[in-house]
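Here's the structure, in structure tokens; my notes come after.
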Amino acid sequence: MEWLQTIAVVLDSTVRLSVPLICAAMAGLWSERAGVVDIGLEGKMLIAAFAAAVAALVTGSAWAGLGAGIAASVLFSLLHGFASITWRGNQIVSGVAINMLAVGLTAILGNAWYGQGGRTPALEGAARFGDVRLPFGPWAREHVPVLGLLYDEVVSGHGAPAYLALAAVIATAWVLKRTRFGLRIRAVGENPAAVDTAGISVAGLRYAAVAIGGLLCGLGGTYLAVAQSAGFIPQMTAGRGFIALAAVIFANWRAWPAFGACLLFGVLDALAIRLQGVTLPGIGLVPVEAIQALPYVMTIVLLAGFIGKATPPKASGLPYVKER
Amino acid sequence: MSAAPVDLPRWADTALVPLVSVAAALLVAGLVVVGIGESPLEATALLLRGSLGSAEGIGFTLYYTTNFIFTGLAVAVAYHAGLFNIGGEGQATIAGLCAALACTVLGALPGFLAAPLAILAAAAGGALYGFIPGWLQARRGSHVVITTIMLNFVAATLIVYLLREVMGKAGSMQPETPDFPASAVLLPMHKLLAPLGLKLPATPLNSAFLLALAALAAVWLLIWRTRLGYAIRTVGANPHAAAYAGISPARITMVAMAISGALAGGLAVNEALGVQHRLVLDFTAGYGFVGIAVALMGRAHPVGVGLAALLFGILYQGGAELSFDKPAITRDMVVVIGGVLILFAGALDGLFRRAVAVLLRVGRRTG
């Protein structure tokens with residue numbers, strides 16, 4: 001049964017590593033389905049992580065941290081919206097600016113306030129999201145073979161934002177696919193002129209989508225700083241926003257496949273950590289970097305149309321100009 | 001980049017709008033300084049004294065300027081072809097790896113051969129790594145922005161692996177190559193100018209600076225005085241019109257990205273061949289991203305890029321000195337200013353053009 005335990009441990013860290021990816025991917029999905037390209041996912045998660053850590057430290061409450069993280073991230077996403085929706089600026093340029101702003105601001109403020117090279121002091125007790133133990137865990141582990149162990153190790157025992165992230169996937173998939181609001185969001189990403197003709201505000205819908213994206217990035221960033229780690233570390237997002245972007249592309253801009261891609265990239269990350277310095281028979285020392293680079297390489301290969309075909313929303317990246 | 005329906009006189013468009021956005025960006029930076037409880041005026045004075053107040057400071061400033069000229073030009077050339085190259089970091093990384101590889105082979109050659117060949121190797125490496133996303137966009141339809149982002153990360157993991165497992169210095173805990181052979185590295189400026197009777201303090205400023213100035217001139221010639229430059233600008237302005245005129249947008253996309261990558265390789269020339277004389281991890285240090293701000297602020301024109309690069313050189317060197325005296329203001333301030341500038345001069349360009357237009361109109365009415 002030892003191998004089962006190993007698998008459970010790897011899957012458990014897969015979930016932990018996937019949560020920020022899932023949040024950011026859902027955020028990217030909202031924004032991009034509405035036609036606003038968002039390469040600022042990384043920056044929004046980073047500023048959220050910082051704001052959440054600071055707020056949790058000051059108030060001693062992880063939930064206050066979540067609120068601050070979401071507020072900071074939404075503020076940044078509205079900035080992105082202001083530049084790219086209201087002023088029809090280049091969405092990529094705006095995204096790059098957001099990423100740089102987040103890196104610079106978090107480092108400089110963190111250093112000025114706490115003087116620990118940009119880190120925030122460690123969070124303790126209620127200032128962190130503790131592990132939520134789902135009911136019947138120990139019972140299931142004892143009475144249900146295999147699945148019980150997986151339930152207790154993998155499904156149960158994560159911070160509250162992890163379960164909120166799962167709820168976000170369900171909500172995103174359902175709202176985008178089954179509701180009137182979701183239909184309008186998708187329409188504004190495919191054919192904004194048609195939406196405008198129907199008398200619905202293109203800018204309003206896009207702002208709504210971008211703000212929802214900000215909320216979700218806030219959740220992901222908060223998870224990083226207040227649940228997964230015990231505080232903020234400079235550049236702690238470490239490219240996760242871009243992996244999430246890759247997951248969105250990989251999933252062809254659909255919610256559940258994006259969720260799957262995030263889990264896949266999470267498994268790769270968990271394996272890379274697990275296999276650090278491990279020698280496998282036949283392969284030798286595992287080149288961990290190769291596993292880490294895999295999500296990026298896979299995305300390039302997919303985008304190049306060598307496997308499958310990526311079809312982004314038709315109006316993505318294009319500012320909407322009302323015809324006169 | 002944004003299609004703002006505002007007509008401005010040419011001087012306002014090329015000079016006033018960038019100046020206003022720079023002023024606004026510095027104002028935001030000043031607010032951040034106030035926010036962390038320091039005096040922005042004092043900080044500015046320290047910054048200027050540190051960067052321009054001594055021969056040594058100027059040497060360091062120009063050394064940083066060299067990096068920004070290369071990465072700014074890289075973004076600018078692609079921009080003229082209507083492409084947004086945010087892969088400068090990755091291209092410079094590969095350029096550094098190629099230069100390091102060349103150095104291991106070229107050590108036996110005399111200096112007048114080894115150093116130029118090492119520079120060429122860097123340019124070739126950068127060009128190849130720029131060509132790949134260009135080819136992918138031209139032939140396979142994947143967008144340059146996304147592929148360059150992904151390739152940045154691939155290069156970042158590749159250099160970690162190579163420096164640790166393949167090219168690393170034996171017995172060193174640091175991820176770095178052994179020192180390059182003396183014949184392959186570039187002369188520092190204080191040694192270069194010594195025979196002319198000029199006594200300069202020892203700074204990292206090296207002959208790569210002259211190469212950067214040459215690159216500024218070469219890019220100006222390329223973009224505005226050659227057939228290829230005309231083709232690049234045409235494709236950037238309207239690919240359909242270009243195709244109608246017999247220019248292949250696909251070919252131009254690949255060529256422009258390769259040139260852009262080669263220019264980004266200049267960062268590796270200055271850092272690895274010019275200063276550190278070996279390849280270290282993270283030598284790109286975000287210069288590639290600041291290059292985006294440099295290009296946007298400089299309106300993708302070599303003169304503008306040169307001036308913007310100088311501004312960032314001053315900020316970088318002055319920022320280093322400033323953080324000695326005021327530990328609360330770290331050099332991350334430059335990243336903040338870069339980000340704000342990209343936002344103001346790039347994404348919010350329409351807003352600033354509108355503001356300048358309103359100002360001019362008000363000025364005309366009262367004046």
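Letters for chains follow the order of the structure tokens (A, B, ...), residue numbers begin at 1 for each chain, and ligand numbers begin at 1 in the order shown.
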Requested in this report: Give as a PyMOL selection string every residue of chain A that touches chain B within 6 Å, counting only C-alpha atoms.
Outcome: chain A and resi 83+89-90+93-94+97+100-101+104+108+112+289+293+296+300+303-304
Requested in this report: Name the residues of stretch 106-340 of chain B that fall into alpha helix (DSSP H) according to DSSP on the backbone, using the chain letters and numbers of this document, as an NGL selection string.
Outcome: :B and (106 or 111-140 or 144-161 or 189-192 or 208-225 or 227-237 or 239-244 or 249-268 or 287-297 or 302-325 or 332-340)
Include C-alpha atoms and write out the residues we just selected as a compact mmCIF listing (two decimals), in the first residue's frame.
```txt
# COMPACT_ATOMS: atom_id res chain seq x y z
CA LEU B 106 37.18 30.29 -29.98
CA GLY B 111 41.40 38.76 -30.01
CA PHE B 112 40.58 40.60 -33.22
CA LEU B 113 38.89 37.41 -34.46
CA ALA B 114 37.56 35.80 -31.29
CA ALA B 115 35.63 38.78 -29.90
CA PRO B 116 33.75 39.63 -33.14
CA LEU B 117 32.93 35.96 -33.64
CA ALA B 118 31.61 35.71 -30.08
CA ILE B 119 29.45 38.79 -30.75
CA LEU B 120 28.21 37.22 -33.97
CA ALA B 121 27.40 34.02 -32.09
CA ALA B 122 25.31 36.01 -29.62
CA ALA B 123 23.49 37.82 -32.42
CA ALA B 124 22.88 34.53 -34.23
CA GLY B 125 21.51 32.89 -31.11
CA GLY B 126 19.15 35.79 -30.45
CA ALA B 127 18.14 35.90 -34.10
CA LEU B 128 17.32 32.19 -34.13
CA TYR B 129 15.25 32.47 -30.97
CA GLY B 130 13.41 35.44 -32.46
CA PHE B 131 12.97 33.71 -35.78
CA ILE B 132 11.13 30.76 -34.18
CA PRO B 133 8.06 32.78 -33.02
CA GLY B 134 8.24 34.71 -36.29
CA TRP B 135 8.13 31.50 -38.27
CA LEU B 136 5.37 30.11 -36.06
CA GLN B 137 3.25 33.22 -36.69
CA ALA B 138 4.01 33.44 -40.41
CA ARG B 139 3.61 29.78 -41.27
CA ARG B 140 1.54 28.22 -38.47
CA VAL B 144 3.96 36.08 -31.58
CA VAL B 145 2.97 37.47 -28.17
CA ILE B 146 1.93 34.14 -26.69
CA THR B 147 4.81 32.16 -28.21
CA THR B 148 7.42 34.68 -27.06
CA ILE B 149 6.01 34.54 -23.50
CA MET B 150 6.19 30.75 -23.54
CA LEU B 151 9.67 30.77 -25.12
CA ASN B 152 10.90 33.12 -22.36
CA PHE B 153 10.07 30.44 -19.83
CA VAL B 154 11.55 27.67 -21.96
CA ALA B 155 14.82 29.64 -22.23
CA ALA B 156 14.78 30.32 -18.48
CA THR B 157 14.52 26.61 -17.66
CA LEU B 158 17.03 25.69 -20.38
CA ILE B 159 19.74 27.97 -18.98
CA VAL B 160 19.21 26.57 -15.48
CA TYR B 161 19.68 23.05 -16.80
CA MET B 189 36.12 51.69 -21.95
CA HIS B 190 38.75 52.99 -19.52
CA LYS B 191 41.35 50.71 -21.12
CA LEU B 192 40.10 51.42 -24.62
CA ALA B 208 29.57 47.18 -26.30
CA PHE B 209 28.40 50.78 -25.74
CA LEU B 210 29.93 51.75 -29.10
CA LEU B 211 28.23 48.73 -30.62
CA ALA B 212 24.92 49.95 -29.18
CA LEU B 213 25.42 53.42 -30.71
CA ALA B 214 26.23 51.75 -34.03
CA ALA B 215 23.07 49.66 -33.67
CA LEU B 216 21.01 52.84 -33.19
CA ALA B 217 22.40 54.26 -36.43
CA ALA B 218 22.06 50.93 -38.23
CA VAL B 219 18.41 50.56 -37.22
CA TRP B 220 17.68 54.11 -38.40
CA LEU B 221 19.32 53.30 -41.75
CA LEU B 222 17.53 49.96 -41.96
CA ILE B 223 14.05 51.25 -41.19
CA TRP B 224 14.07 54.53 -43.13
CA ARG B 225 16.73 54.13 -45.80
CA ARG B 227 14.16 48.52 -49.22
CA LEU B 228 13.79 46.00 -46.38
CA GLY B 229 12.95 48.77 -43.93
CA TYR B 230 10.30 50.08 -46.29
CA ALA B 231 8.86 46.58 -46.53
CA ILE B 232 8.90 46.25 -42.74
CA ARG B 233 7.06 49.54 -42.27
CA THR B 234 4.55 48.69 -44.97
CA VAL B 235 3.73 45.33 -43.41
CA GLY B 236 3.40 47.04 -40.05
CA ALA B 237 1.05 49.67 -41.39
CA PRO B 239 -0.23 43.77 -44.32
CA HIS B 240 -2.91 43.57 -47.00
CA ALA B 241 -1.55 46.59 -48.83
CA ALA B 242 1.94 45.15 -48.47
CA ALA B 243 0.88 41.86 -50.02
CA TYR B 244 -0.80 43.79 -52.84
CA PRO B 249 4.11 39.73 -44.92
CA ALA B 250 5.10 36.21 -43.85
CA ARG B 251 8.70 36.71 -44.93
CA ILE B 252 8.89 40.16 -43.34
CA THR B 253 7.44 38.79 -40.09
CA MET B 254 10.21 36.21 -39.90
CA VAL B 255 12.98 38.63 -40.91
CA ALA B 256 11.82 41.35 -38.51
CA MET B 257 11.61 38.91 -35.60
CA ALA B 258 15.09 37.57 -36.39
CA ILE B 259 16.55 41.11 -36.47
CA SER B 260 14.68 41.90 -33.27
CA GLY B 261 16.10 38.79 -31.59
CA ALA B 262 19.62 39.60 -32.77
CA LEU B 263 19.33 43.08 -31.23
CA ALA B 264 18.10 41.56 -27.96
CA GLY B 265 21.26 39.45 -28.14
CA GLY B 266 23.19 42.69 -27.60
CA LEU B 267 22.15 42.47 -23.96
CA ALA B 268 24.18 39.25 -23.69
CA TYR B 287 16.15 44.39 -19.01
CA GLY B 288 14.12 42.77 -21.77
CA PHE B 289 10.84 43.92 -20.24
CA VAL B 290 12.07 47.44 -19.52
CA GLY B 291 13.02 47.51 -23.21
CA ILE B 292 9.29 47.55 -23.96
CA ALA B 293 8.96 50.79 -21.99
CA VAL B 294 12.03 52.19 -23.75
CA ALA B 295 10.62 51.44 -27.19
CA LEU B 296 7.13 52.76 -26.42
CA MET B 297 8.48 55.93 -24.85
CA PRO B 302 16.28 55.26 -32.71
CA VAL B 303 16.67 58.83 -31.39
CA GLY B 304 13.77 58.32 -29.01
CA VAL B 305 15.02 54.88 -28.02
CA GLY B 306 18.48 56.33 -27.31
CA LEU B 307 17.04 59.06 -25.10
CA ALA B 308 14.64 56.72 -23.32
CA ALA B 309 17.49 54.24 -22.76
CA LEU B 310 19.57 57.05 -21.26
CA LEU B 311 16.67 57.95 -18.95
CA PHE B 312 16.43 54.37 -17.75
CA GLY B 313 20.22 54.20 -17.44
CA ILE B 314 20.06 57.24 -15.15
CA LEU B 315 17.19 55.71 -13.18
CA TYR B 316 19.02 52.40 -12.84
CA GLN B 317 22.39 53.78 -11.75
CA GLY B 318 20.85 56.60 -9.71
CA GLY B 319 18.45 54.11 -8.17
CA ALA B 320 21.34 51.90 -7.05
CA GLU B 321 23.06 54.86 -5.38
CA LEU B 322 19.78 56.04 -3.94
CA SER B 323 19.09 52.69 -2.29
CA PHE B 324 22.44 52.98 -0.49
CA ASP B 325 21.36 56.20 1.19
CA ASP B 332 12.45 48.05 -7.80
CA MET B 333 11.33 51.66 -8.21
CA VAL B 334 12.68 51.47 -11.77
CA VAL B 335 10.37 48.53 -12.45
CA VAL B 336 7.43 50.58 -11.14
CA ILE B 337 8.39 53.53 -13.35
CA GLY B 338 8.82 51.15 -16.29
CA GLY B 339 5.37 49.68 -15.68
CA VAL B 340 3.70 53.07 -15.34
```
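The shell of residues at most 12 Å from A:Ala55, with only C-alpha atoms counted and near chain neighbours (fewer than 6 positions) removed, consists of Ala48, Ala49, Ser61, Ala62, Trp63, Ala64, Gly65, Leu66, Gly67, Ala68, Gly69, Ile70, Ala71, Ala72, Thr120, Pro121, Leu123, Ala127, Arg128, Thr222, Ala225, Val226, Gly231 and Phe232 of chain A.
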Wanna dump the stretch 247-267 of chain A-stretch 171-181 of chain A contacts at 8 Å for me, each residue with its shortest atom pair and the distance in Å to one decimal, counting only C-alpha atoms, ordered by chain and number, as a tab-separated table?
```
residue	atom	partner	partner_atom	distance
A:Arg254	CA	A:Ala173	CA	7.7
A:Ala255	CA	A:Ala173	CA	5.2
A:Trp256	CA	A:Ala173	CA	6.7
```
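The spacing separating atom CA of A:Asn191 from atom CA of A:Leu75 amounts to 26.9 Å.
Near stretch 3-18 of chain A, within 8 Å and counting only C-alpha atoms, sit Val146, Leu149, Leu150, Glu153, Val154, Val155, His158, Ala162, Gln228, Cys262, Leu263, Phe265, Gly266, Val267, Asp269, Ala270, Leu271 and Arg274 of chain A; same-chain residues fewer than 6 positions away were not included.
Among B:Leu41, B:Ala23, B:Ala99, B:Ala300, the residue with the shortest atom-to-atom distance to B:Thr177, counting only C-alpha atoms, is B:Ala99.
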Close residues, B:Gly30 itself excluded, 9 Å, only C-alpha atoms, min 3 positions apart in chain, as a PDB file with C-alpha atoms, in the first residue's frame:
```pdb
ATOM      1  CA  ALA B  25       5.033  58.436 -14.735  1.00  0.00           C
ATOM      2  CA  LEU B  26       7.683  60.182 -12.653  1.00  0.00           C
ATOM      3  CA  LEU B  27       4.886  61.902 -10.746  1.00  0.00           C
ATOM      4  CA  VAL B  33       8.114  57.671  -2.616  1.00  0.00           C
ATOM      5  CA  VAL B  34       5.835  59.927  -0.557  1.00  0.00           C
ATOM      6  CA  GLY B  35       3.749  56.865   0.297  1.00  0.00           C
ATOM      7  CA  SER B  39      10.988  63.042   0.272  1.00  0.00           C
ATOM      8  CA  PRO B  40      10.753  62.798  -3.523  1.00  0.00           C
ATOM      9  CA  LEU B  41      12.858  65.947  -4.034  1.00  0.00           C
ATOM     10  CA  ALA B  43      15.382  61.264  -3.663  1.00  0.00           C
ATOM     11  CA  THR B  44      15.590  62.963  -7.070  1.00  0.00           C
TER      12      THR B  44
END
```
Query raised in the report: So which residues touch stretch 306-322 of chain A within 8 Å, counting only C-alpha atoms, skipping near sequence neighbours fewer than 6 positions away, as an MDAnalysis selection string?
Result: chainID A and resid 32:37 84:85 88:92 188:193 202 249:250 252:253
Report task. Would you kindly return, as a ChimeraX atom specification, each protein, DNA or RNA residue with an atom no farther than 7 Å from any atom of B:Gly168, considering only C-alpha atoms and excluding same-chain residues fewer than 4 positions away? Result -> /B:163-164,175-178
Next, write the just-selected residues to a file, as an mmCIF file, in the first residue's frame, keeping N, CA and C atoms as the atom set.
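What ended up in selection.cif:
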```cif
data_model
loop_
_atom_site.group_PDB
_atom_site.id
_atom_site.type_symbol
_atom_site.label_atom_id
_atom_site.label_comp_id
_atom_site.auth_asym_id
_atom_site.auth_seq_id
_atom_site.Cartn_x
_atom_site.Cartn_y
_atom_site.Cartn_z
ATOM 1 N N LEU B 163 23.480 25.385 -17.307
ATOM 2 C CA LEU B 163 24.519 25.900 -16.404
ATOM 3 C C LEU B 163 24.801 24.918 -15.280
ATOM 4 N N ARG B 164 23.807 24.133 -14.895
ATOM 5 C CA ARG B 164 24.031 23.194 -13.806
ATOM 6 C C ARG B 164 24.671 21.904 -14.301
ATOM 7 N N PRO B 175 25.460 28.752 -10.337
ATOM 8 C CA PRO B 175 25.184 28.356 -11.718
ATOM 9 C C PRO B 175 25.825 29.349 -12.683
ATOM 10 N N GLU B 176 27.066 29.083 -13.077
ATOM 11 C CA GLU B 176 27.781 29.985 -13.980
ATOM 12 C C GLU B 176 28.797 29.189 -14.779
ATOM 13 N N THR B 177 29.193 29.727 -15.941
ATOM 14 C CA THR B 177 30.202 29.062 -16.755
ATOM 15 C C THR B 177 31.581 29.445 -16.224
ATOM 16 N N PRO B 178 32.633 28.705 -16.644
ATOM 17 C CA PRO B 178 33.990 29.170 -16.337
ATOM 18 C C PRO B 178 34.229 30.511 -17.025
#
```
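Between atom CA of A:Leu29 and atom CA of B:Val75 lies a distance of 28.0 Å.
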